[in-house]
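Q: Quick one: this structure, given as structure tokens, is what I'll be asking you about.
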Amino acid sequence: MADISLSKANRIISGCLAKAREMSWKPLGVVVLDSAGHIKASQRQDGASMLRIEMGAGKAYGALAIGSGSRWLHNQAETRPHFLTGMVGVSDNRILPVPGGVLVLDKRGTIIGAVGISGDTADNDEAAAIAGIEHAGLTAQAD
């Protein structure tokens with residue numbers, strides 16, 4: 001199974017935080033999960049509120065669980081609430097169905113991990129994740 005390296009995970013985080021500083025966004029918590037859903041690296045900016053790491057991990061875990069960005073799960077809340085409730089339940093409440101969870105793909109298009117961010121608006125969290133993944137020379141899949 002392909003997996004993200006610690007070096008790439010840290011490079012993603014640095015790119016995410018650079019984007020947040022550039023845009024003057026609120027302090028973020030950033031989590032990079034490997035392809036099996038384990039935390040590879042995480043950071044919480046000074047001033048970020050509590051649970052930002054856990055919330056980011058929930059977004060990334062949800063993306064890995066469905067093979068798509070967490071925005072897809074968010075959209076299911078309106079059209080398929082029973083499906084979403086079931087997914088959250090079978091994951092032992094590890095999934096947070098809010099935009100900000102983005103898959104990380106290698107050059108072959110293989111999922112090697114996911115990034116989850118929490119701290120600003122969901123759209124900004126997702127944009128920071130995409131920026132960080134691209135900063136590391138990898139491909140982001142947000143949808």
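Labeling convention for the structure tokens: chains A, B, ... as they appear, residues from 1 per chain, ligands from 1 in order of appearance.
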Taking only chain A into account, list the residues labelled helix (DSSP H, G or I) by DSSP (computed from the backbone), as JSON, numbers by chain.
A: {"A": [6, 7, 8, 9, 10, 11, 12, 13, 14, 15, 16, 17, 18, 19, 20, 21, 22, 23, 52, 53, 54, 55, 56, 57, 58, 59, 60, 61, 62, 63, 64, 65, 66, 70, 71, 72, 73, 74, 75, 76, 77, 78, 79, 81, 82, 83, 84, 85, 86, 87, 88, 89, 90, 122, 123, 124, 125, 126, 127, 128, 129, 130, 131, 132, 133, 134, 135]}
Q: Contacts of range 53-69 of chain A at 10 Å or less, counting only C-alpha atoms, minus same-chain residues fewer than 3 places along, as a PyMOL selection string?
A: chain A and resi 28-39+42-44+48-50+72-74+87-88+91+93-104+111-119+125-126+140-143
Q: Put those residues in a file: N, CA and C atoms, as a short mmCIF file (atom, residue, chain, number, x, y, z; two decimals), in the first residue's frame.
A:
data_model
loop_
_atom_site.label_atom_id
_atom_site.label_comp_id
_atom_site.auth_asym_id
_atom_site.auth_seq_id
_atom_site.Cartn_x
_atom_site.Cartn_y
_atom_site.Cartn_z
N LEU A 28 -5.17 27.80 12.48
CA LEU A 28 -5.63 26.50 12.03
C LEU A 28 -4.99 25.35 12.82
N GLY A 29 -5.70 24.25 12.82
CA GLY A 29 -5.15 22.95 13.19
C GLY A 29 -5.09 22.13 11.91
N VAL A 30 -3.93 21.54 11.62
CA VAL A 30 -3.73 20.78 10.38
C VAL A 30 -3.28 19.37 10.74
N VAL A 31 -3.92 18.39 10.12
CA VAL A 31 -3.59 16.98 10.35
C VAL A 31 -3.37 16.30 9.00
N VAL A 32 -2.31 15.50 8.92
CA VAL A 32 -2.08 14.66 7.75
C VAL A 32 -2.19 13.21 8.22
N LEU A 33 -3.11 12.49 7.57
CA LEU A 33 -3.27 11.06 7.86
C LEU A 33 -2.61 10.24 6.76
N ASP A 34 -2.08 9.08 7.11
CA ASP A 34 -1.59 8.17 6.08
C ASP A 34 -2.78 7.46 5.45
N SER A 35 -2.53 6.62 4.48
CA SER A 35 -3.62 5.98 3.74
C SER A 35 -4.46 5.03 4.59
N ALA A 36 -3.97 4.63 5.75
CA ALA A 36 -4.72 3.76 6.65
C ALA A 36 -5.48 4.55 7.72
N GLY A 37 -5.41 5.89 7.65
CA GLY A 37 -6.15 6.72 8.58
C GLY A 37 -5.44 7.03 9.88
N HIS A 38 -4.13 6.78 9.94
CA HIS A 38 -3.34 7.09 11.14
C HIS A 38 -2.67 8.45 10.99
N ILE A 39 -2.56 9.16 12.09
CA ILE A 39 -1.92 10.48 12.04
C ILE A 39 -0.44 10.32 11.71
N SER A 42 0.90 16.50 12.58
CA SER A 42 -0.12 17.50 12.87
C SER A 42 0.54 18.71 13.53
N GLN A 43 -0.10 19.85 13.34
CA GLN A 43 0.32 21.07 14.01
C GLN A 43 -0.91 21.93 14.26
N ARG A 44 -0.85 22.67 15.37
CA ARG A 44 -1.91 23.61 15.71
C ARG A 44 -1.25 24.96 15.90
N ALA A 48 -5.03 28.84 17.96
CA ALA A 48 -6.11 27.97 17.47
C ALA A 48 -6.84 27.39 18.67
N SER A 49 -8.15 27.33 18.57
CA SER A 49 -8.93 26.82 19.70
C SER A 49 -8.76 25.31 19.85
N MET A 50 -9.19 24.83 21.01
CA MET A 50 -9.05 23.40 21.30
C MET A 50 -9.89 22.58 20.32
N TRP A 72 -18.02 16.17 -0.11
CA TRP A 72 -19.02 15.21 -0.59
C TRP A 72 -19.87 14.71 0.57
N LEU A 73 -19.24 14.39 1.69
CA LEU A 73 -19.99 13.95 2.87
C LEU A 73 -20.91 15.06 3.37
N HIS A 74 -20.40 16.26 3.38
CA HIS A 74 -21.20 17.41 3.82
C HIS A 74 -22.47 17.52 2.98
N MET A 87 -22.68 6.33 8.50
CA MET A 87 -21.22 6.40 8.32
C MET A 87 -20.54 6.90 9.59
N VAL A 88 -21.11 7.94 10.18
CA VAL A 88 -20.53 8.47 11.41
C VAL A 88 -20.59 7.40 12.50
N SER A 91 -18.10 4.49 12.05
CA SER A 91 -16.71 4.93 12.21
C SER A 91 -16.40 5.28 13.67
N ASN A 93 -17.77 7.54 15.40
CA ASN A 93 -17.80 9.01 15.46
C ASN A 93 -16.48 9.66 15.05
N ARG A 94 -15.70 8.98 14.21
CA ARG A 94 -14.42 9.54 13.78
C ARG A 94 -14.57 10.47 12.57
N ILE A 95 -15.72 10.43 11.90
CA ILE A 95 -15.93 11.23 10.69
C ILE A 95 -16.61 12.54 11.04
N LEU A 96 -16.06 13.64 10.54
CA LEU A 96 -16.66 14.96 10.64
C LEU A 96 -17.03 15.39 9.22
N PRO A 97 -18.31 15.38 8.86
CA PRO A 97 -18.73 15.63 7.48
C PRO A 97 -18.82 17.11 7.13
N VAL A 98 -17.68 17.76 7.12
CA VAL A 98 -17.59 19.19 6.85
C VAL A 98 -16.43 19.40 5.88
N PRO A 99 -16.56 20.31 4.90
CA PRO A 99 -15.44 20.58 3.99
C PRO A 99 -14.17 20.95 4.76
N GLY A 100 -13.05 20.52 4.21
CA GLY A 100 -11.76 20.76 4.85
C GLY A 100 -10.93 19.50 4.91
N GLY A 101 -11.50 18.38 4.46
CA GLY A 101 -10.78 17.12 4.34
C GLY A 101 -10.51 16.84 2.88
N VAL A 102 -9.24 16.70 2.51
CA VAL A 102 -8.83 16.58 1.11
C VAL A 102 -7.89 15.38 0.97
N LEU A 103 -8.14 14.57 -0.06
CA LEU A 103 -7.27 13.42 -0.32
C LEU A 103 -5.94 13.88 -0.92
N VAL A 104 -4.89 13.11 -0.63
CA VAL A 104 -3.55 13.34 -1.19
C VAL A 104 -3.25 12.19 -2.13
N ILE A 111 -4.13 7.13 -3.84
CA ILE A 111 -4.36 7.83 -2.58
C ILE A 111 -3.28 7.40 -1.58
N ILE A 112 -2.52 8.37 -1.08
CA ILE A 112 -1.46 8.07 -0.12
C ILE A 112 -1.74 8.68 1.25
N GLY A 113 -2.85 9.41 1.38
CA GLY A 113 -3.20 10.02 2.65
C GLY A 113 -4.30 11.04 2.47
N ALA A 114 -4.51 11.82 3.52
CA ALA A 114 -5.50 12.89 3.48
C ALA A 114 -5.07 13.99 4.44
N VAL A 115 -5.49 15.20 4.12
CA VAL A 115 -5.25 16.36 4.98
C VAL A 115 -6.59 16.84 5.50
N GLY A 116 -6.63 17.16 6.78
CA GLY A 116 -7.82 17.75 7.37
C GLY A 116 -7.44 19.00 8.12
N ILE A 117 -8.23 20.04 7.90
CA ILE A 117 -7.94 21.34 8.53
C ILE A 117 -9.21 21.88 9.18
N SER A 118 -9.02 22.51 10.33
CA SER A 118 -10.11 23.18 11.01
C SER A 118 -9.57 24.46 11.64
N GLY A 119 -10.38 25.51 11.59
CA GLY A 119 -9.98 26.75 12.25
C GLY A 119 -10.60 27.99 11.63
N ASP A 125 -10.59 26.38 5.01
CA ASP A 125 -9.88 25.18 5.47
C ASP A 125 -9.54 24.29 4.27
N GLU A 126 -10.51 24.08 3.39
CA GLU A 126 -10.29 23.26 2.21
C GLU A 126 -9.24 23.88 1.28
N ALA A 140 -4.08 17.16 -5.05
CA ALA A 140 -5.20 17.25 -4.11
C ALA A 140 -6.48 16.81 -4.81
N GLN A 141 -7.30 16.07 -4.09
CA GLN A 141 -8.62 15.71 -4.59
C GLN A 141 -9.64 16.12 -3.53
N ALA A 142 -10.32 17.23 -3.79
CA ALA A 142 -11.24 17.79 -2.84
C ALA A 142 -12.68 17.39 -3.08
N ASP A 143 -12.99 16.86 -4.26
CA ASP A 143 -14.38 16.50 -4.55
C ASP A 143 -14.57 15.00 -4.62
#
Q: Tell me which of A:Lys26, A:Arg21, A:Lys40, A:His82 sits closest to Ala9 in chain A, counting only C-alpha atoms.
A: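 Using only C-alpha atoms, the shortest distance to Ala9 in chain A belongs to A:Lys40.
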